[in-house]
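Chemist: Contents of protein04.csv (CSV, C-alpha atoms and all ligand atoms) are given next:
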```
chain,number,residue,atom,x,y,z
A,1336,MET,CA,29.0,20.4,0.6
A,1337,PRO,CA,25.2,21.0,0.6
A,1338,PRO,CA,23.1,17.8,0.2
A,1339,GLY,CA,21.8,17.1,-3.3
A,1340,PRO,CA,18.1,17.0,-4.0
A,1341,SER,CA,17.7,13.2,-3.5
A,1342,GLU,CA,19.5,13.2,-0.2
A,1343,ASP,CA,17.3,16.2,0.8
A,1344,ALA,CA,14.2,14.1,0.2
A,1345,LEU,CA,15.5,11.1,2.2
A,1346,PRO,CA,13.4,10.4,5.3
A,1347,PRO,CA,15.1,10.0,8.7
A,1348,GLY,CA,17.0,6.7,9.1
A,1349,GLN,CA,16.8,5.7,5.5
A,1350,ARG,CA,19.5,5.1,2.9
A,1351,PRO,CA,18.9,5.1,-0.9
A,1352,THR,CA,19.3,2.0,-3.0
A,1353,GLY,CA,20.5,2.2,-6.6
A,1354,THR,CA,18.7,-0.9,-8.0
A,1355,TRP,CA,15.1,-1.7,-7.3
A,1356,ARG,CA,15.0,-5.3,-6.2
A,1357,ALA,CA,11.6,-6.7,-5.3
A,1358,SER,CA,11.1,-7.5,-1.6
A,1359,HIS,CA,8.4,-9.9,-0.4
A,1360,TYR,CA,8.0,-13.3,1.2
A,1361,GLY,CA,7.0,-16.3,-0.9
A,1362,ARG,CA,6.5,-16.8,-4.5
A,1363,VAL,CA,5.3,-14.2,-7.0
A,1364,PRO,CA,1.6,-14.9,-8.0
A,1365,ARG,CA,0.8,-14.7,-11.6
A,1366,LEU,CA,-2.5,-12.8,-11.8
A,1367,ASP,CA,-4.6,-12.0,-14.8
A,1368,PRO,CA,-6.4,-8.6,-14.9
A,1369,ASP,CA,-9.4,-10.3,-16.5
A,1370,SER,CA,-10.0,-12.5,-13.5
A,1371,TRP,CA,-8.6,-10.2,-10.8
A,1372,THR,CA,-11.1,-8.5,-8.5
A,1373,LEU,CA,-10.9,-6.2,-5.5
A,1374,THR,CA,-13.5,-6.8,-2.8
A,1375,LEU,CA,-14.6,-4.0,-0.5
A,1376,ALA,CA,-16.2,-5.5,2.6
A,1377,GLY,CA,-16.6,-5.4,6.3
A,1378,GLU,CA,-18.2,-2.4,8.0
A,1379,THR,CA,-19.5,-0.7,4.9
A,1380,ARG,CA,-22.0,2.1,5.1
A,1381,ASP,CA,-24.8,0.1,3.6
A,1382,GLY,CA,-23.7,-3.2,5.1
A,1383,GLY,CA,-23.1,-4.8,1.7
A,1384,MET,CA,-19.9,-5.6,-0.1
A,1385,ARG,CA,-18.7,-4.5,-3.6
A,1386,VAL,CA,-16.5,-6.4,-6.0
A,1387,LEU,CA,-14.5,-4.2,-8.4
A,1388,THR,CA,-13.2,-5.4,-11.7
A,1389,TRP,CA,-10.2,-4.2,-13.7
A,1390,GLU,CA,-12.8,-2.4,-15.9
A,1391,ASP,CA,-14.1,-0.6,-12.9
A,1392,LEU,CA,-10.6,0.6,-12.1
A,1393,GLY,CA,-10.1,1.9,-15.6
A,1394,ALA,CA,-13.3,4.0,-15.3
A,1395,LEU,CA,-11.9,6.0,-12.3
A,1396,PRO,CA,-9.7,9.1,-12.8
A,1397,GLN,CA,-6.2,8.1,-13.6
A,1398,VAL,CA,-3.4,9.9,-11.8
A,1399,GLU,CA,0.4,9.8,-11.3
A,1400,VAL,CA,2.3,10.3,-8.1
A,1401,VAL,CA,6.1,10.5,-7.9
A,1402,ALA,CA,7.4,9.2,-4.6
A,1403,GLY,CA,10.1,7.2,-3.0
A,1404,MET,CA,9.3,3.8,-1.5
A,1405,HIS,CA,10.6,3.4,2.0
A,1406,CYS,CA,11.1,-0.1,3.4
A,1407,VAL,CA,11.1,-0.3,7.2
A,1408,ASP,CA,14.4,-2.3,6.9
A,1409,ARG,CA,15.8,1.2,6.0
A,1410,HIS,CA,16.3,1.0,2.2
A,1411,THR,CA,14.6,3.6,0.1
A,1412,VAL,CA,13.9,3.4,-3.6
A,1413,PRO,CA,13.8,7.0,-4.7
A,1414,GLY,CA,11.6,8.8,-7.3
A,1415,LEU,CA,9.2,6.1,-8.5
A,1416,ARG,CA,6.5,7.5,-10.8
A,1417,TRP,CA,3.4,5.5,-9.9
A,1418,GLY,CA,0.3,5.4,-12.1
A,1419,GLY,CA,-3.1,4.3,-10.9
A,1420,VAL,CA,-6.3,5.6,-9.2
A,1421,ARG,CA,-6.6,7.3,-5.9
A,1422,MET,CA,-7.5,5.0,-3.0
A,1423,ARG,CA,-10.1,7.6,-1.8
A,1424,ASP,CA,-11.9,7.2,-5.2
A,1425,VAL,CA,-11.9,3.4,-4.8
A,1426,LEU,CA,-13.2,3.6,-1.2
A,1427,ALA,CA,-15.9,6.0,-2.3
A,1428,LEU,CA,-17.5,3.1,-4.4
A,1429,ALA,CA,-18.3,1.3,-1.1
A,1430,PRO,CA,-17.7,3.8,1.7
A,1431,PRO,CA,-17.2,2.7,5.4
A,1432,ALA,CA,-19.8,3.1,8.0
A,1433,ARG,CA,-19.6,6.2,10.2
A,1434,GLY,CA,-17.0,6.0,12.8
A,1435,VAL,CA,-14.9,3.3,11.1
A,1436,GLU,CA,-11.2,4.0,11.3
A,1437,HIS,CA,-9.4,0.8,10.6
A,1438,VAL,CA,-8.8,-1.1,7.4
A,1439,LEU,CA,-7.1,-4.4,6.6
A,1440,LEU,CA,-5.6,-4.6,3.1
A,1441,ALA,CA,-5.2,-8.2,2.0
A,1442,ALA,CA,-3.2,-9.7,-0.9
A,1443,THR,CA,-3.2,-13.2,-2.3
A,1444,ARG,CA,-1.4,-15.9,-0.2
A,1445,GLY,CA,-2.1,-14.4,3.3
A,1446,TYR,CA,-0.2,-11.2,3.2
A,1447,ALA,CA,-2.1,-8.3,4.8
A,1448,ALA,CA,-1.4,-4.8,6.1
A,1449,ALA,CA,-3.3,-2.9,8.8
A,1450,VAL,CA,-3.8,0.8,8.0
A,1451,HIS,CA,-5.8,3.8,9.3
A,1452,LEU,CA,-8.6,5.0,7.1
A,1453,GLU,CA,-7.3,8.5,7.0
A,1454,ASP,CA,-4.0,7.3,5.6
A,1455,LEU,CA,-5.8,5.6,2.7
A,1456,ARG,CA,-7.6,8.9,2.0
A,1457,HIS,CA,-4.3,10.8,1.7
A,1458,PRO,CA,-4.3,12.4,-1.8
A,1459,ASP,CA,-1.1,10.5,-2.7
A,1460,ALA,CA,-2.5,7.1,-1.7
A,1461,LEU,CA,-2.9,5.0,-4.8
A,1462,LEU,CA,-4.2,1.7,-6.1
A,1463,ALA,CA,-1.3,1.5,-8.6
A,1464,HIS,CA,-1.2,-0.5,-11.8
A,1465,SER,CA,1.9,1.0,-13.4
A,1466,VAL,CA,5.3,2.5,-12.6
A,1467,GLY,CA,7.5,4.7,-14.8
A,1468,GLY,CA,4.7,4.6,-17.4
A,1469,GLU,CA,4.9,0.8,-17.8
A,1470,PRO,CA,2.6,-1.8,-16.3
A,1471,LEU,CA,3.8,-3.2,-13.0
A,1472,THR,CA,5.9,-6.4,-13.4
A,1473,PRO,CA,4.6,-9.5,-11.6
A,1474,GLU,CA,7.4,-9.1,-9.0
A,1475,HIS,CA,6.2,-5.6,-8.2
A,1476,GLY,CA,2.6,-6.3,-7.8
A,1477,TRP,CA,0.8,-6.8,-11.1
A,1478,PRO,CA,-2.0,-6.2,-11.7
A,1479,ALA,CA,-2.5,-3.9,-8.8
A,1480,ARG,CA,-0.9,-2.9,-5.5
A,1481,VAL,CA,-1.5,-0.3,-2.8
A,1482,VAL,CA,1.0,2.6,-2.7
A,1483,LEU,CA,1.0,4.8,0.4
A,1484,PRO,CA,4.1,7.0,0.0
A,1485,HIS,CA,3.9,8.5,3.4
A,1486,LEU,CA,3.9,5.1,5.1
A,1487,TYR,CA,6.5,2.4,5.2
A,1488,GLY,CA,6.4,0.0,2.3
A,1489,PHE,CA,4.9,-2.9,4.3
A,1490,LYS,CA,1.6,-1.0,4.5
A,1491,GLY,CA,1.1,-1.4,0.8
A,1492,PRO,CA,0.3,-4.9,-0.4
A,1493,LYS,CA,1.3,-6.0,-3.8
A,1494,TRP,CA,-1.3,-8.3,-5.6
A,1495,VAL,CA,-4.0,-6.7,-3.4
A,1496,VAL,CA,-7.4,-8.4,-3.6
A,1497,GLU,CA,-9.4,-7.2,-0.5
A,1498,VAL,CA,-10.1,-4.1,1.5
A,1499,THR,CA,-12.0,-4.7,4.8
A,1500,TYR,CA,-13.3,-2.0,7.1
A,1501,HIS,CA,-13.1,-2.7,10.8
A,1502,ASP,CA,-14.3,-1.1,14.1
A,1503,ARG,CA,-11.1,-2.1,15.9
A,1504,PRO,CA,-7.4,-2.1,15.0
A,1505,GLN,CA,-6.3,-5.1,13.0
A,1506,GLN,CA,-3.1,-7.0,12.6
A,1507,GLY,CA,-1.5,-7.8,9.3
A,1508,TRP,CA,1.7,-9.7,8.6
A,1509,TRP,CA,4.2,-7.2,9.9
A,1510,GLU,CA,2.0,-5.8,12.6
A,1511,SER,CA,1.8,-9.3,14.1
A,1512,HIS,CA,5.6,-9.4,14.1
A,1513,GLY,CA,6.1,-6.2,16.2
A,1514,TYR,CA,5.9,-3.5,13.6
A,1515,HIS,CA,4.0,-0.3,14.0
A,1516,PRO,CA,0.2,0.0,13.6
A,1517,ARG,CA,0.5,3.3,11.8
A,1518,GLY,CA,3.8,3.3,10.1
A,1519,ARG,CA,4.3,7.0,9.1
A,1520,VAL,CA,7.8,7.5,7.6
A,1521,ALA,CA,8.2,11.1,8.7
A,1522,HIS,CA,7.7,10.1,12.3
A,1523,GLU,CA,9.9,6.9,12.0
A,1524,GLU,CA,7.0,4.8,13.2
A,1525,ARG,CA,8.8,1.5,12.8
A,1526,TRP,CA,8.1,-0.6,15.9
A,1527,ALA,CA,4.9,-1.4,17.8
A,1528,HIS,CA,6.5,-0.5,21.1
A,1529,GLN,CA,6.7,3.2,19.9
A,1530,ALA,CA,2.9,3.4,19.6
B,1,LIG,N1,1.7,-9.2,-1.1
B,1,LIG,C1,2.8,-8.6,-0.6
B,1,LIG,N2,2.9,-7.3,-0.6
B,1,LIG,C2,4.0,-6.7,-0.1
B,1,LIG,C3,5.0,-7.4,0.6
B,1,LIG,C4,4.9,-8.8,0.6
B,1,LIG,O1,5.7,-9.6,1.2
B,1,LIG,N3,3.8,-9.4,0.0
B,1,LIG,N4,6.1,-6.7,1.1
B,1,LIG,C5,5.9,-5.3,1.4
B,1,LIG,C6,7.2,-4.6,1.7
B,1,LIG,S1,7.9,-5.0,3.2
B,1,LIG,C7,7.7,-3.7,0.9
B,1,LIG,S2,9.1,-2.8,1.4
B,1,LIG,C8,7.2,-3.5,-0.4
B,1,LIG,C9,8.3,-3.8,-1.5
B,1,LIG,O2,7.8,-3.5,-2.8
B,1,LIG,P1,8.8,-3.8,-4.0
B,1,LIG,O3,9.1,-5.3,-3.9
B,1,LIG,O4,8.0,-3.5,-5.2
B,1,LIG,O5,10.0,-3.0,-3.9
B,1,LIG,O6,6.1,-4.3,-0.8
B,1,LIG,C10,5.2,-4.6,0.3
B,1,LIG,N5,4.1,-5.3,-0.2
B,2,MO,MO,9.7,-3.6,3.5
```
For this file, produce the structure as structure tokens.
Modeler:
Amino acid sequence: MPPGPSEDALPPGQRPTGTWRASHYGRVPRLDPDSWTLTLAGETRDGGMRVLTWEDLGALPQVEVVAGMHCVDRHTVPGLRWGGVRMRDVLALAPPARGVEHVLLAATRGYAAAVHLEDLRHPDALLAHSVGGEPLTPEHGWPARVVLPHLYGFKGPKWVVEVTYHDRPQQGWWESHGYHPRGRVAHEERWAHQA
């Protein structure tokens, strides 16, 4: 029997899950969009930093991206319809200095993910505030989370509050526990020893 469309779309080594249970360490923070901010800092082009508000997000072009979420533990949540703004539009508000390639994305409570700048500039890379046409629930990252569909889920912090540009590779939570610095799903970049 030929594979169905969803099996077709499943990346190597992943299996689909029917129900979407939230996965993260620690307790779910309750954040209020009115006090939430996203700070862009580190090696910016002009050396300064920029603090974005919920209102600033709303002023950027709103887009939707349909994509599966692929956890490095091998479960995939297929076909999520994310709503938000493109990460490349967010970064453009405080661009990195020339030659900068590394970014640390930080959430509340110490969670962080190390990503490559070019992966954040992917057209499907979002700062998401909704899924399936509804606001994100607190468990899934309200008010805003990073969604990088071509990377494993751990590269996208829920409850994201800071984007920092760096000259050198960084280590976030999973990277410091042996997971891959790049994390591309299509290449099965799961473990640091593959790098
Ligand atoms: N702040 C924060 N973001 C996080 C995590 C976390 O523990 N804390 N877990 C990551 C991992 S490993 C995955 S697979 C996805 C899971 O997102 P979901 O709970 O919405 O399915 O969130 C990512 N973002
Ligand atoms: Mo994950």
Chemist: So how far away is atom N1 of ligand LIG 1 (chain B) from CA of Glu1474 (chain A), in Å?
Modeler: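 The value is 9.7 Å.
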Chemist: Skipping near chain neighbours, those fewer than 4 positions away, what residues fall within 9 Å of Gln1506 (chain A) using only C-alpha atoms, listed as a JSON list (two decimals) with C-alpha atoms, keeping the file's coordinate frame?
Modeler:
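File written: around.json
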```json
[["chain", "number", "residue", "atom", "x", "y", "z"],
["A", 1439, "LEU", "CA", -7.10, -4.40, 6.60],
["A", 1447, "ALA", "CA", -2.10, -8.30, 4.80],
["A", 1448, "ALA", "CA", -1.40, -4.80, 6.10],
["A", 1449, "ALA", "CA", -3.30, -2.90, 8.80],
["A", 1510, "GLU", "CA", 2.00, -5.80, 12.60],
["A", 1511, "SER", "CA", 1.80, -9.30, 14.10],
["A", 1516, "PRO", "CA", 0.20, 0.00, 13.60]]
```
Chemist: What does the distance between CA of Pro1473 (chain A) and CA of Trp1417 (chain A) come to in Å, to one decimal place?
Modeler: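 One can read the CA of Pro1473 (chain A) to CA of Trp1417 (chain A) distance as 15.1 Å.
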Chemist: Rank A:Val1435, A:Ala1441, A:Ala1463, A:Val1498 by their smallest atom-to-atom distance to ligand LIG 1 (chain B), using all atoms listed in the file, and report the top residue only.
Modeler: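 Comparing A:Val1435, A:Ala1441, A:Ala1463, A:Val1498 against ligand LIG 1 (chain B), the winner is A:Ala1441.
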Chemist: Can you tell me which residues surround Leu1486 (chain A) at a distance of at most 8 Å, considering only C-alpha atoms, apart from same-chain residues fewer than 4 positions away, and format the answer as a PyMOL selection string?
Modeler: chain A and resi 1405+1490+1517-1520
Chemist: Report as number ranges by chain which protein, DNA and RNA residues come within 7 Å of ligand LIG 1 (chain B), using only C-alpha atoms and all ligand atoms.
Modeler: A: 1355-1360, 1405-1407, 1442-1443, 1446, 1474-1476, 1487-1495
Chemist: Name the closest residue to ligand MO 2 (chain B) among the candidates A:Arg1380, A:Arg1416, A:Arg1423, A:Arg1525; distances are taken between atoms, counting all atoms listed in the file.
Modeler: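 Once distances to ligand MO 2 (chain B) are computed over all atoms listed in the file, the minimum belongs to A:Arg1525.
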Chemist: Between CA of Val1466 (chain A) and CA of Arg1365 (chain A), what is the spacing in Å?
Modeler: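 Atom-to-atom, CA of Arg1365 (chain A) to CA of Val1466 (chain A), that is 17.8 Å.
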Chemist: Could you pull the residues within 7 Å of Met1404 (chain A), counting all atoms listed in the file, minus those fewer than 3 positions along the same chain, as a PDB file with C-alpha atoms, in the frame of the given file?
Modeler:
```pdb
ATOM      1  CA  THR A1411      14.600   3.600   0.100  1.00  0.00           C
ATOM      2  CA  VAL A1412      13.900   3.400  -3.600  1.00  0.00           C
ATOM      3  CA  PRO A1413      13.800   7.000  -4.700  1.00  0.00           C
ATOM      4  CA  PRO A1484       4.100   7.000   0.000  1.00  0.00           C
ATOM      5  CA  GLY A1488       6.400   0.000   2.300  1.00  0.00           C
TER       6      GLY A1488
END
```
Chemist: May I have the protein, DNA and RNA residues with any atom at most 12 Å from the point (18.7, 7.5, 4.2), counting only C-alpha atoms, written as a list in words?
Modeler: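 Those residues, ordered by chain and then number, are Pro1338, Ser1341, Glu1342, Asp1343, Ala1344, Leu1345, Pro1346, Pro1347, Gly1348, Gln1349, Arg1350, Pro1351, Thr1352, Gly1403, Met1404, His1405, Cys1406, Val1407, Asp1408, Arg1409, His1410, Thr1411, Val1412, Pro1413, Val1520, Ala1521 and Glu1523 of chain A.
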Chemist: Give me, as a PyMOL selection string, all polymer residues having an atom no more than 8 Å from Ala1460 (chain A), counting all atoms listed in the file and skipping those fewer than 4 positions away in the same chain.
Modeler: chain A and resi 1421-1423+1454-1456+1481-1484
Chemist: Assuming the input is short of atoms at region 1390-1401 of chain A, produce all heavy atoms for that part as an mmCIF file, in the coordinates of the input.
Modeler:
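What follows is the written file out-v2.cif:
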```
data_model
loop_
_atom_site.group_PDB
_atom_site.id
_atom_site.type_symbol
_atom_site.label_atom_id
_atom_site.label_comp_id
_atom_site.auth_asym_id
_atom_site.auth_seq_id
_atom_site.Cartn_x
_atom_site.Cartn_y
_atom_site.Cartn_z
ATOM 1 N N GLU A 1390 -12.023 -3.405 -15.125
ATOM 2 C CA GLU A 1390 -12.800 -2.400 -15.900
ATOM 3 C C GLU A 1390 -13.221 -1.253 -15.007
ATOM 4 O O GLU A 1390 -13.151 -0.085 -15.395
ATOM 5 C CB GLU A 1390 -13.974 -3.080 -16.528
ATOM 6 C CG GLU A 1390 -14.208 -2.671 -17.954
ATOM 7 C CD GLU A 1390 -15.495 -3.272 -18.504
ATOM 8 O OE1 GLU A 1390 -15.981 -4.284 -17.942
ATOM 9 O OE2 GLU A 1390 -15.983 -2.723 -19.488
ATOM 10 N N ASP A 1391 -13.697 -1.585 -13.816
ATOM 11 C CA ASP A 1391 -14.100 -0.600 -12.900
ATOM 12 C C ASP A 1391 -12.971 0.382 -12.519
ATOM 13 O O ASP A 1391 -13.146 1.594 -12.389
ATOM 14 C CB ASP A 1391 -14.647 -1.186 -11.561
ATOM 15 C CG ASP A 1391 -15.908 -2.017 -11.777
ATOM 16 O OD1 ASP A 1391 -16.687 -1.685 -12.682
ATOM 17 O OD2 ASP A 1391 -16.083 -3.007 -11.032
ATOM 18 N N LEU A 1392 -11.774 -0.212 -12.361
ATOM 19 C CA LEU A 1392 -10.600 0.600 -12.100
ATOM 20 C C LEU A 1392 -10.301 1.575 -13.206
ATOM 21 O O LEU A 1392 -9.988 2.736 -12.983
ATOM 22 C CB LEU A 1392 -9.348 -0.288 -11.961
ATOM 23 C CG LEU A 1392 -8.941 -0.837 -10.635
ATOM 24 C CD1 LEU A 1392 -7.460 -1.190 -10.681
ATOM 25 C CD2 LEU A 1392 -9.193 0.195 -9.568
ATOM 26 N N GLY A 1393 -10.398 1.064 -14.428
ATOM 27 C CA GLY A 1393 -10.100 1.900 -15.600
ATOM 28 C C GLY A 1393 -11.080 3.046 -15.762
ATOM 29 O O GLY A 1393 -10.753 4.053 -16.394
ATOM 30 N N ALA A 1394 -12.271 2.914 -15.157
ATOM 31 C CA ALA A 1394 -13.300 4.000 -15.300
ATOM 32 C C ALA A 1394 -13.051 5.108 -14.287
ATOM 33 O O ALA A 1394 -13.646 6.179 -14.416
ATOM 34 C CB ALA A 1394 -14.665 3.361 -15.066
ATOM 35 N N LEU A 1395 -12.173 4.908 -13.307
ATOM 36 C CA LEU A 1395 -11.900 6.000 -12.300
ATOM 37 C C LEU A 1395 -10.830 6.919 -12.884
ATOM 38 O O LEU A 1395 -10.061 6.542 -13.775
ATOM 39 C CB LEU A 1395 -11.378 5.348 -11.014
ATOM 40 C CG LEU A 1395 -12.401 4.519 -10.225
ATOM 41 C CD1 LEU A 1395 -11.706 3.825 -9.042
ATOM 42 C CD2 LEU A 1395 -13.544 5.399 -9.733
ATOM 43 N N PRO A 1396 -10.769 8.164 -12.361
ATOM 44 C CA PRO A 1396 -9.700 9.100 -12.800
ATOM 45 C C PRO A 1396 -8.335 8.553 -12.628
ATOM 46 O O PRO A 1396 -8.022 8.053 -11.547
ATOM 47 C CB PRO A 1396 -9.963 10.345 -11.935
ATOM 48 C CG PRO A 1396 -11.327 10.207 -11.363
ATOM 49 C CD PRO A 1396 -11.655 8.743 -11.342
ATOM 50 N N GLN A 1397 -7.523 8.603 -13.669
ATOM 51 C CA GLN A 1397 -6.200 8.100 -13.600
ATOM 52 C C GLN A 1397 -5.192 9.178 -13.211
ATOM 53 O O GLN A 1397 -5.238 10.267 -13.770
ATOM 54 C CB GLN A 1397 -5.762 7.484 -14.983
ATOM 55 C CG GLN A 1397 -6.731 6.408 -15.482
ATOM 56 C CD GLN A 1397 -6.725 5.150 -14.609
ATOM 57 O OE1 GLN A 1397 -5.674 4.580 -14.328
ATOM 58 N NE2 GLN A 1397 -7.908 4.722 -14.180
ATOM 59 N N VAL A 1398 -4.328 8.891 -12.261
ATOM 60 C CA VAL A 1398 -3.400 9.900 -11.800
ATOM 61 C C VAL A 1398 -1.987 9.340 -11.668
ATOM 62 O O VAL A 1398 -1.791 8.125 -11.724
ATOM 63 C CB VAL A 1398 -3.832 10.430 -10.356
ATOM 64 C CG1 VAL A 1398 -5.197 11.092 -10.423
ATOM 65 C CG2 VAL A 1398 -3.839 9.311 -9.323
ATOM 66 N N GLU A 1399 -1.008 10.243 -11.550
ATOM 67 C CA GLU A 1399 0.400 9.800 -11.300
ATOM 68 C C GLU A 1399 0.897 10.493 -10.051
ATOM 69 O O GLU A 1399 0.573 11.646 -9.778
ATOM 70 C CB GLU A 1399 1.272 10.212 -12.496
ATOM 71 C CG GLU A 1399 1.101 9.298 -13.688
ATOM 72 C CD GLU A 1399 2.214 9.460 -14.716
ATOM 73 O OE1 GLU A 1399 2.834 10.548 -14.775
ATOM 74 O OE2 GLU A 1399 2.445 8.483 -15.464
ATOM 75 N N VAL A 1400 1.691 9.768 -9.301
ATOM 76 C CA VAL A 1400 2.300 10.300 -8.100
ATOM 77 C C VAL A 1400 3.789 9.891 -8.123
ATOM 78 O O VAL A 1400 4.099 8.714 -8.307
ATOM 79 C CB VAL A 1400 1.645 9.736 -6.821
ATOM 80 C CG1 VAL A 1400 2.464 10.031 -5.578
ATOM 81 C CG2 VAL A 1400 0.228 10.281 -6.671
ATOM 82 N N VAL A 1401 4.690 10.855 -7.983
ATOM 83 C CA VAL A 1401 6.100 10.500 -7.900
ATOM 84 C C VAL A 1401 6.519 10.505 -6.438
ATOM 85 O O VAL A 1401 6.306 11.475 -5.707
ATOM 86 C CB VAL A 1401 6.974 11.574 -8.668
ATOM 87 C CG1 VAL A 1401 8.450 11.259 -8.514
ATOM 88 C CG2 VAL A 1401 6.580 11.599 -10.144
#
```
